[in-house]
Amino acid sequence: MSDRDILDELNREQRAAVECTDGPVMIIAGAGSGKTRVLTYRIAHLLNKGVDAFGILALTFTNKAAREMKERITSLVGGEARNLWMGTFHSTFARLLRREAYRLGFPPDFTIYDTEDSKGLLKSIIKEMNLNDSTYKPSALLGRISSIKTMLVSSKEYINDPHYSGEDRRMRREHFGQIYETYTKRLFKSGAMDFDDLLFFTNILLRDQPDMLLKYQNMFRYILVDEYQDTNFSQFMILRQLAARHQNICVVGDDAQSIYAFRGANIQNILNFQKQYSDTAVFKLEQNYRSTQTIVNAANQVIAKNRDQLAKKIWTANEQGDKIPVLRAFTDSEEGRVIAQLIYERRMQKNVPYREFAILYRTNAQSRPLEEALRKIGIPYRIYGGLSFYQRREIKDMLAYFRLAINPNDEEALRRVINYPKREIGDTTVDKMAVAAADNDVTIWTVMENLPDFELGLQNRSREKIMDFVNLIKSFSAVLPTHNAFQAGDFIASGSGIIKEMFLDRTPEGINRMENVQELLNGLRDFSLKAENDPATATLNHFMEDIALLTGEDVNETDENEKDKVLLMTIHAAKGLEFNYVFISGLEENLFPSQMAVIDREDLEEERRLFYVALTRARKNATLTYSMSRYRYGSSVSCEPSRFLEEIPAEFLDNASSTAEPYQPREMQRIPRPPNTGYSNGTPPVIRSPLTNKKLISVNKVSATQSTVNNRHLEILRAGMFVEHERFGRGEVLKMDGIYPDGKALILFETGEKKQLLLRFARLNIVEDSSK
DNA sequence: GCTTCTACCGTTTTT
DNA sequence: CGGTAGAAGC
């Protein structure tokens with residue numbers, strides 16, 4: 001596409017922002033104003049002007065955004081786009097650090113620890129320091145370490161700063177400094193970095209090594225940053241250093257959409273950008289192309305009172321649109337039913353595909369009643385941005401072997417698989433080696449490799465097992481340089497015994513896990529094939545480079561079946577997306593706005609921005625829902641409508657269509673419980689599957705317990721009839737000689753794929769079995 | 001070593 | 001209530 005054509009596709013504001021290529025530029029892009037378009041066209045324009053793609057650094061907020069932008073640029077100007085430095089802050093600077101980390105003493109193949117790894121490491125540190133107090137919780141510690149690293153305070157500086165030690169003493173966490181130091185050391189020894197380190201060490205490198213700074217300043221002639229309102233101090237400092245020389249930095253963002261303060265994002269970065277760079281050219285994109293006037297105006301009202309913001313006026317030439325319906329429900333499950341019902345009706349009446357609906361919520365925990373309701377009337381849905389494929393247990397197990405092969409010092413990977421599958425290296429053995437490692441200031445792997453040099457008091461049998469393991473890992477490492485990722489991965493998968501272990505597990509979950517591992521290997525094959533003509537890039541090492549940085553949306557999104565589904569997600573996850581129909585659920589005080597924001601500090605601005613983001617995801621219609629009671633910790637609590645509902649002028653809202661049928665006092669709504677577990681009148685209800693409408697086995701719940709799966713369970717597991725239970729979801733009938741002697745059957749419900757596989761068993765009366 | 005029982009805690013939001 | 005860790009039980 002020629003440059004002229006590119007520029008002709010833009011409106012006047014957008015075009016001006018694209019054409020101003022040099023010097024500091026700030027583009028304030030309101031929601032739905034074509035921000036991505038401006039960024040992509042700007043890059044295309046730069047390339048057309050003859051700027052080398054290698055000289056452009058473009059930073060996005062998610063991998064997905066980077067990928068999509070790259071595709072669009074490719075379609076505009078062709079394959080040159082491949083050479084752009086484009087990605088998230090984390091992945092881009094991980095790439096940079098792989099080249100340069102040797103200067104900081106890290107191996108080029110350093111491992112990236114994800115949150116789980118980091119917590120695991122902290123946990124072992126706490127244990128070793130005998131601090132197993134409940135005051136030192138891994139996640140809290142990690143949170144603090146993270147925010148300190150974001151402020152670029154090293155462990156050394158931390159320990160020597162009386163301000164911090166005083167603060168820790170007050171907080172009764174006097175060992176925190178020591179923990180931070182040990183954590184840092186252990187990461188270093190393990191050849192690993194956590195998420196924050198990727199930014200931290202990039203900063204250190206640029207700060208302390210002038211030749212590095214110069215190199216990258218000269219390399220990145222043009223810097224573009226998307227979602228600038230959500231950058232943190234560490235990211236700010238990287239940008240400041242890199243842009244100092246050429247000052248060609250273009251930041252795009254919307255202060256009204258800054259919603260990540262909790263992880264260190266600093267809205268001041270965007271508010272003060274003009275002070276940072278005195279001759280900044282500022283462009284404002286104020287025309288919204290996405291939503292109806294009603295939605296745009298209502299959204300404007302939501303943030304109108306915020307103190308921290310840049311002046312702008314978002315407007316739209318789109319149609320007026322419907323008023324925003326506000327629906328009240330009695331309970332969270334009714335709220336789900338109402339939403340499901342509306343989706344069903346709209347799909348039927350207007351033939352709207354499922355994918356045009358999104359249900360947004362403030363906290364992940366809210367998804368469950370929504371899911372139940374959707375499942376009940378057979379609406380397909382998908383939770384967007386959930387657990388990454390690469391964070392599943394079985395996948396992490398496999399990856400741990402890969403990681404060990406690449407970097408045997410990786411302690412978390414080692415601990416994860418040293419006794420999986422079982423090879424008789426138990427906790428006590430590992431603990432002994434860990435102590436020896438700490439005493440001698442080496443890694444556990446070093447201890448294992450040089451076992452005879454250490455007095456560990458181990459049995460000969462254990463020593464042999466350890467040596468076997470060492471040789472196993474070494475045999476894996478040996479394969480890496482000469483084979484591609486798939487060959488190496490396949491070799492490790494079978495050599496480690498994982499495949500065999502999983503193959504023996506014939507439970508539905510086990511089969512599912514096996515399929516996931518297969519999927520991983522398929523992924524490796526694709527990866528190897530894609531990089532075939534350049535064998536150096538087809539290695540497992542290369543595949544593993546930024547696996548830890550991938551999120552749930554970076555894998556299976558091309559799957560056809562996955563496409564036409566209603567999407568459920570947190571509002572945070574919805575940033576950057578848009579849908580025709582959006583439901584914003586749980587608009588209740590102390591939920592949205594969250595309790596934290598209400599009581600902790602009277603700081604509701606970010607919550608309002610969050611609401612703003614939620615509203616502006618909608619093109620045609622945004623529907624607000626709330627309920628008067630909600631389950632929390634098992635018991636029902638009553639809720640007040642959110643203050644946000646009052647902050648929108650009534651002219652934009654449509655309260656008439658409230659679900660509240662003739663109002664009933666709350667007491668009436670309590671579902672009467674039968675006095676005992678049996679059916680007193682002897683006529684049990686017939687349950688029909690909402691999916692198939694088939695008559696299900698009518699049941700009467702007698703008792704339910706949770707349990708880990710044991711061999712007996714596996715033995716009796718036979719796929720029987722499908723049963724759905726209001727409370728536990730779906731499950732399969734387990735038969736043990738058909739029926740228990742007392743006329744009850746065992747029904748098994750999955751409670752999900754978590755660390756510990758727990759199944760829920762309910763013993764149920766079989767009253768009628770219409771399947772026969 | 002493996003299973004089951006018991007006590008405890010928790011809800012923001014995530015690259 | 002549901003998930004988890006660690007103790008108790010075999």
# chains A, B, ... in the order shown; residues from 1 in each chain; ligands from 1
$ closest_atom_pairs --of "chain B" --to "chain A" --cutoff "9 Å" --atoms "only C-alpha atoms (C1' of nucleotides)" --output "Markdown table"
| residue | atom | partner | partner_atom | distance |
| --- | --- | --- | --- | --- |
| B:DT3 | C1' | A:Asn710 | CA | 7.9 |
| B:DT4 | C1' | A:Ser707 | CA | 8.0 |
| B:DG10 | C1' | A:Tyr633 | CA | 8.1 |
| B:DT11 | C1' | A:Ala365 | CA | 7.2 |
| B:DT12 | C1' | A:Thr363 | CA | 6.0 |
| B:DT13 | C1' | A:His572 | CA | 6.3 |
| B:DT14 | C1' | A:Arg263 | CA | 7.7 |
| B:DT15 | C1' | A:His90 | CA | 6.9 |
$ select_by_dssp --residues "range 33-82 of chain A" --states "alpha helix (DSSP H)" --output "PyMOL selection string"
chain A and resi 35-48+63-77
$ interface_residues --of "chain C" --to "chain A" --cutoff "10 Å" --atoms "only C-alpha atoms (C1' of nucleotides)" --output "PyMOL selection string"
chain C and resi 1-4
$ select_by_dssp --residues "range 315-432 of chain A" --states "strand (DSSP E or B)" --output "list in words"
Trp315, Thr316, Ile324, Pro325, Val326, Leu327, Arg328, Ala329, Phe357, Ala358, Ile359, Leu360, Tyr361, Tyr381, Arg382 and Ile383 of chain A
$ closest_atom_pairs --of "range 367-445 of chain A" --to "range 458-461 of chain A" --cutoff "12 Å" --atoms "only C-alpha atoms" --output "Markdown table"
| residue | atom | partner | partner_atom | distance |
| --- | --- | --- | --- | --- |
| A:Arg423 | CA | A:Arg461 | CA | 11.1 |
| A:Glu424 | CA | A:Arg461 | CA | 9.1 |
| A:Ile425 | CA | A:Arg461 | CA | 9.7 |
| A:Gly426 | CA | A:Leu458 | CA | 11.6 |
| A:Thr428 | CA | A:Leu458 | CA | 9.8 |
| A:Thr429 | CA | A:Leu458 | CA | 7.4 |
| A:Val430 | CA | A:Leu458 | CA | 10.6 |
| A:Asp431 | CA | A:Leu458 | CA | 11.4 |
| A:Lys432 | CA | A:Leu458 | CA | 8.5 |
| A:Met433 | CA | A:Leu458 | CA | 9.6 |
$ write_last_selection --atoms "all heavy atoms" --output "mmCIF file, in the first residue's frame"
data_model
loop_
_atom_site.group_PDB
_atom_site.id
_atom_site.type_symbol
_atom_site.label_atom_id
_atom_site.label_comp_id
_atom_site.auth_asym_id
_atom_site.auth_seq_id
_atom_site.Cartn_x
_atom_site.Cartn_y
_atom_site.Cartn_z
ATOM 1 N N ARG A 423 10.793 -41.490 41.666
ATOM 2 C CA ARG A 423 12.051 -42.202 41.494
ATOM 3 C C ARG A 423 12.790 -42.301 42.820
ATOM 4 O O ARG A 423 14.009 -42.300 42.865
ATOM 5 C CB ARG A 423 12.902 -41.558 40.403
ATOM 6 C CG ARG A 423 13.027 -40.038 40.435
ATOM 7 C CD ARG A 423 14.034 -39.550 39.427
ATOM 8 N NE ARG A 423 13.555 -39.629 38.059
ATOM 9 C CZ ARG A 423 12.856 -38.693 37.438
ATOM 10 N NH1 ARG A 423 12.535 -37.584 38.083
ATOM 11 N NH2 ARG A 423 12.482 -38.832 36.197
ATOM 12 N N GLU A 424 12.027 -42.316 43.863
ATOM 13 C CA GLU A 424 12.551 -42.549 45.206
ATOM 14 C C GLU A 424 13.576 -41.514 45.658
ATOM 15 O O GLU A 424 14.551 -41.833 46.316
ATOM 16 C CB GLU A 424 13.134 -43.961 45.315
ATOM 17 C CG GLU A 424 12.069 -45.034 45.066
ATOM 18 C CD GLU A 424 12.661 -46.431 45.120
ATOM 19 O OE1 GLU A 424 13.382 -46.708 46.081
ATOM 20 O OE2 GLU A 424 12.386 -47.212 44.200
ATOM 21 N N ILE A 425 13.382 -40.297 45.238
ATOM 22 C CA ILE A 425 14.177 -39.207 45.805
ATOM 23 C C ILE A 425 13.196 -38.332 46.571
ATOM 24 O O ILE A 425 12.554 -37.461 46.005
ATOM 25 C CB ILE A 425 14.894 -38.389 44.714
ATOM 26 C CG1 ILE A 425 15.716 -39.319 43.824
ATOM 27 C CG2 ILE A 425 15.791 -37.336 45.353
ATOM 28 C CD1 ILE A 425 16.426 -38.615 42.684
ATOM 29 N N GLY A 426 13.071 -38.619 47.841
ATOM 30 C CA GLY A 426 12.010 -37.975 48.621
ATOM 31 C C GLY A 426 12.393 -36.620 49.180
ATOM 32 O O GLY A 426 13.494 -36.112 48.943
ATOM 33 N N THR A 428 13.098 -35.629 52.187
ATOM 34 C CA THR A 428 14.235 -35.562 53.114
ATOM 35 C C THR A 428 15.556 -35.485 52.352
ATOM 36 O O THR A 428 16.455 -34.726 52.718
ATOM 37 C CB THR A 428 14.247 -36.777 54.047
ATOM 38 O OG1 THR A 428 13.831 -37.923 53.319
ATOM 39 C CG2 THR A 428 13.346 -36.563 55.241
ATOM 40 N N THR A 429 15.652 -36.288 51.289
ATOM 41 C CA THR A 429 16.881 -36.269 50.488
ATOM 42 C C THR A 429 17.103 -34.888 49.880
ATOM 43 O O THR A 429 18.214 -34.344 49.941
ATOM 44 C CB THR A 429 16.777 -37.317 49.365
ATOM 45 O OG1 THR A 429 16.348 -38.544 49.935
ATOM 46 C CG2 THR A 429 18.101 -37.495 48.675
ATOM 47 N N VAL A 430 16.034 -34.344 49.300
ATOM 48 C CA VAL A 430 16.159 -33.032 48.673
ATOM 49 C C VAL A 430 16.538 -31.988 49.719
ATOM 50 O O VAL A 430 17.400 -31.131 49.477
ATOM 51 C CB VAL A 430 14.834 -32.635 47.967
ATOM 52 C CG1 VAL A 430 14.929 -31.229 47.404
ATOM 53 C CG2 VAL A 430 14.522 -33.620 46.864
ATOM 54 N N ASP A 431 15.914 -32.064 50.882
ATOM 55 C CA ASP A 431 16.234 -31.101 51.931
ATOM 56 C C ASP A 431 17.709 -31.166 52.323
ATOM 57 O O ASP A 431 18.366 -30.133 52.473
ATOM 58 C CB ASP A 431 15.360 -31.364 53.172
ATOM 59 C CG ASP A 431 13.930 -30.878 52.956
ATOM 60 O OD1 ASP A 431 13.715 -30.139 51.968
ATOM 61 O OD2 ASP A 431 13.058 -31.237 53.751
ATOM 62 N N LYS A 432 18.230 -32.368 52.470
ATOM 63 C CA LYS A 432 19.649 -32.509 52.819
ATOM 64 C C LYS A 432 20.541 -31.841 51.779
ATOM 65 O O LYS A 432 21.494 -31.142 52.105
ATOM 66 C CB LYS A 432 20.019 -33.998 52.916
ATOM 67 C CG LYS A 432 19.619 -34.641 54.243
ATOM 68 C CD LYS A 432 20.016 -36.098 54.250
ATOM 69 C CE LYS A 432 19.398 -36.824 55.434
ATOM 70 N NZ LYS A 432 19.460 -38.287 55.274
ATOM 71 N N MET A 433 20.191 -32.073 50.521
ATOM 72 C CA MET A 433 21.009 -31.474 49.459
ATOM 73 C C MET A 433 20.863 -29.961 49.448
ATOM 74 O O MET A 433 21.836 -29.249 49.203
ATOM 75 C CB MET A 433 20.595 -32.051 48.104
ATOM 76 C CG MET A 433 20.941 -33.532 47.981
ATOM 77 S SD MET A 433 20.775 -34.160 46.318
ATOM 78 C CE MET A 433 19.035 -34.010 46.042
#
$ atom_distance --atom1 "CA of Phe389 in chain A" --atom2 "CA of Asp564 in chain A"
20.0 Å
$ residues_around --residues "Val517 in chain A" --least-positions-apart "5" --cutoff "8 Å" --atoms "only C-alpha atoms (C1' of nucleotides)" --output "PyMOL selection string"
chain A and resi 394-395+398
$ residues_around --residues "Ser367 in chain A" --least-positions-apart "6" --cutoff "10 Å" --atoms "only C-alpha atoms (C1' of nucleotides)" --output "list in words"
Gly336, Ile359, Leu360, Tyr361, Ile383, Leu568, Met569, Thr570 and Ser585 of chain A
$ write_last_selection --atoms "N, CA, C and O atoms" --output "compact mmCIF listing (two decimals), in the first residue's frame"
# COMPACT_ATOMS: atom_id res chain seq x y z
N GLY A 336 -27.30 -14.10 36.88
CA GLY A 336 -26.80 -14.92 35.79
C GLY A 336 -27.92 -15.38 34.87
O GLY A 336 -27.80 -15.30 33.65
N ILE A 359 -19.61 -10.75 28.84
CA ILE A 359 -20.06 -10.48 30.20
C ILE A 359 -18.83 -10.08 31.00
O ILE A 359 -17.87 -10.85 31.08
N LEU A 360 -18.86 -8.91 31.55
CA LEU A 360 -17.70 -8.41 32.30
C LEU A 360 -18.01 -8.39 33.79
O LEU A 360 -19.15 -8.23 34.20
N TYR A 361 -16.96 -8.57 34.57
CA TYR A 361 -17.13 -8.50 36.02
C TYR A 361 -15.86 -7.98 36.65
O TYR A 361 -14.80 -7.93 36.03
N ILE A 383 -14.13 -18.50 29.03
CA ILE A 383 -13.54 -17.51 29.92
C ILE A 383 -12.26 -17.01 29.28
O ILE A 383 -11.37 -17.79 28.98
N LEU A 568 -16.57 -14.39 28.72
CA LEU A 568 -16.63 -13.91 30.10
C LEU A 568 -15.23 -13.45 30.50
O LEU A 568 -14.26 -14.16 30.23
N MET A 569 -15.15 -12.32 31.12
CA MET A 569 -13.82 -11.87 31.54
C MET A 569 -13.90 -10.76 32.57
O MET A 569 -14.94 -10.12 32.74
N THR A 570 -12.78 -10.53 33.24
CA THR A 570 -12.70 -9.37 34.13
C THR A 570 -12.61 -8.12 33.26
O THR A 570 -12.24 -8.18 32.09
N SER A 585 -21.66 -6.84 35.07
CA SER A 585 -22.42 -7.47 36.14
C SER A 585 -21.85 -7.12 37.51
O SER A 585 -20.72 -6.66 37.63
$ closest_residue --among "A:Ile324, A:Ile43, A:Ile112, A:Ile238" --to "Ala650 in chain A" --atoms "only C-alpha atoms"
A:Ile324
$ residues_around --residues "Phe652 in chain A" --least-positions-apart "3" --cutoff "12 Å" --atoms "only C-alpha atoms (C1' of nucleotides)" --output "mmCIF file with N, CA and C atoms, in the first residue's frame"
data_model
loop_
_atom_site.group_PDB
_atom_site.id
_atom_site.type_symbol
_atom_site.label_atom_id
_atom_site.label_comp_id
_atom_site.auth_asym_id
_atom_site.auth_seq_id
_atom_site.Cartn_x
_atom_site.Cartn_y
_atom_site.Cartn_z
ATOM 1 N N THR A 292 -22.409 3.958 20.687
ATOM 2 C CA THR A 292 -23.533 4.866 20.492
ATOM 3 C C THR A 292 -23.321 6.135 21.315
ATOM 4 N N GLN A 293 -24.078 7.159 20.977
ATOM 5 C CA GLN A 293 -23.957 8.416 21.723
ATOM 6 C C GLN A 293 -24.285 8.218 23.191
ATOM 7 N N THR A 294 -25.305 7.417 23.423
ATOM 8 C CA THR A 294 -25.696 7.178 24.817
ATOM 9 C C THR A 294 -24.520 6.622 25.616
ATOM 10 N N ILE A 295 -23.872 5.638 25.064
ATOM 11 C CA ILE A 295 -22.772 5.001 25.793
ATOM 12 C C ILE A 295 -21.612 5.972 25.981
ATOM 13 N N VAL A 296 -21.269 6.689 24.920
ATOM 14 C CA VAL A 296 -20.151 7.629 25.021
ATOM 15 C C VAL A 296 -20.455 8.706 26.063
ATOM 16 N N ASN A 297 -21.661 9.244 26.003
ATOM 17 C CA ASN A 297 -21.990 10.319 26.943
ATOM 18 C C ASN A 297 -22.058 9.832 28.372
ATOM 19 N N ALA A 298 -22.650 8.664 28.557
ATOM 20 C CA ALA A 298 -22.730 8.112 29.910
ATOM 21 C C ALA A 298 -21.335 7.846 30.451
ATOM 22 N N ALA A 299 -20.477 7.296 29.600
ATOM 23 C CA ALA A 299 -19.116 6.990 30.036
ATOM 24 C C ALA A 299 -18.384 8.272 30.409
ATOM 25 N N ASN A 300 -18.547 9.303 29.616
ATOM 26 C CA ASN A 300 -17.924 10.590 29.947
ATOM 27 C C ASN A 300 -18.345 11.059 31.328
ATOM 28 N N GLN A 301 -19.624 10.881 31.623
ATOM 29 C CA GLN A 301 -20.138 11.324 32.916
ATOM 30 C C GLN A 301 -19.462 10.586 34.069
ATOM 31 N N VAL A 302 -19.155 9.322 33.838
ATOM 32 C CA VAL A 302 -18.587 8.504 34.907
ATOM 33 C C VAL A 302 -17.267 9.080 35.404
ATOM 34 N N GLN A 320 -27.772 7.574 18.152
ATOM 35 C CA GLN A 320 -28.074 7.791 19.551
ATOM 36 C C GLN A 320 -28.009 6.498 20.361
ATOM 37 N N GLY A 321 -28.693 5.494 19.864
ATOM 38 C CA GLY A 321 -28.685 4.200 20.546
ATOM 39 C C GLY A 321 -29.675 4.139 21.687
ATOM 40 N N ASP A 322 -29.858 2.927 22.181
ATOM 41 C CA ASP A 322 -30.821 2.728 23.266
ATOM 42 C C ASP A 322 -30.266 3.280 24.567
ATOM 43 N N LYS A 323 -31.192 3.508 25.484
ATOM 44 C CA LYS A 323 -30.755 3.829 26.837
ATOM 45 C C LYS A 323 -30.082 2.601 27.437
ATOM 46 N N ILE A 324 -29.328 2.829 28.496
ATOM 47 C CA ILE A 324 -28.606 1.721 29.111
ATOM 48 C C ILE A 324 -29.515 1.010 30.111
ATOM 49 N N PRO A 325 -29.852 -0.238 29.835
ATOM 50 C CA PRO A 325 -30.731 -0.946 30.775
ATOM 51 C C PRO A 325 -30.005 -1.230 32.085
ATOM 52 N N VAL A 326 -30.717 -1.069 33.164
ATOM 53 C CA VAL A 326 -30.191 -1.435 34.474
ATOM 54 C C VAL A 326 -31.102 -2.513 35.046
ATOM 55 N N ASN A 621 -24.809 -1.869 22.701
ATOM 56 C CA ASN A 621 -25.583 -1.861 23.938
ATOM 57 C C ASN A 621 -24.731 -2.299 25.110
ATOM 58 N N ALA A 622 -24.844 -1.545 26.178
ATOM 59 C CA ALA A 622 -24.225 -1.972 27.437
ATOM 60 C C ALA A 622 -25.348 -2.150 28.436
ATOM 61 N N THR A 623 -25.380 -3.283 29.090
ATOM 62 C CA THR A 623 -26.424 -3.547 30.072
ATOM 63 C C THR A 623 -25.785 -3.690 31.442
ATOM 64 N N LEU A 624 -26.341 -2.987 32.416
ATOM 65 C CA LEU A 624 -25.777 -3.043 33.766
ATOM 66 C C LEU A 624 -26.654 -3.927 34.638
ATOM 67 N N LEU A 645 -24.078 3.695 39.716
ATOM 68 C CA LEU A 645 -25.365 3.772 39.034
ATOM 69 C C LEU A 645 -25.989 5.144 39.209
ATOM 70 N N GLU A 646 -25.679 5.767 40.355
ATOM 71 C CA GLU A 646 -26.240 7.095 40.591
ATOM 72 C C GLU A 646 -25.449 8.185 39.892
ATOM 73 N N GLU A 647 -24.214 7.840 39.571
ATOM 74 C CA GLU A 647 -23.373 8.871 38.961
ATOM 75 C C GLU A 647 -23.647 9.049 37.479
ATOM 76 N N ILE A 648 -24.366 8.127 36.920
ATOM 77 C CA ILE A 648 -24.790 8.299 35.532
ATOM 78 C C ILE A 648 -26.132 9.017 35.547
ATOM 79 N N PRO A 649 -26.257 10.134 34.822
ATOM 80 C CA PRO A 649 -27.533 10.850 34.811
ATOM 81 C C PRO A 649 -28.668 9.936 34.353
ATOM 82 N N ASN A 655 -34.346 2.114 33.704
ATOM 83 C CA ASN A 655 -34.593 1.266 34.860
ATOM 84 C C ASN A 655 -35.883 0.464 34.734
#
$ atom_distance --atom1 "CA of Ala478 in chain A" --atom2 "CA of Ile406 in chain A"
9.5 Å
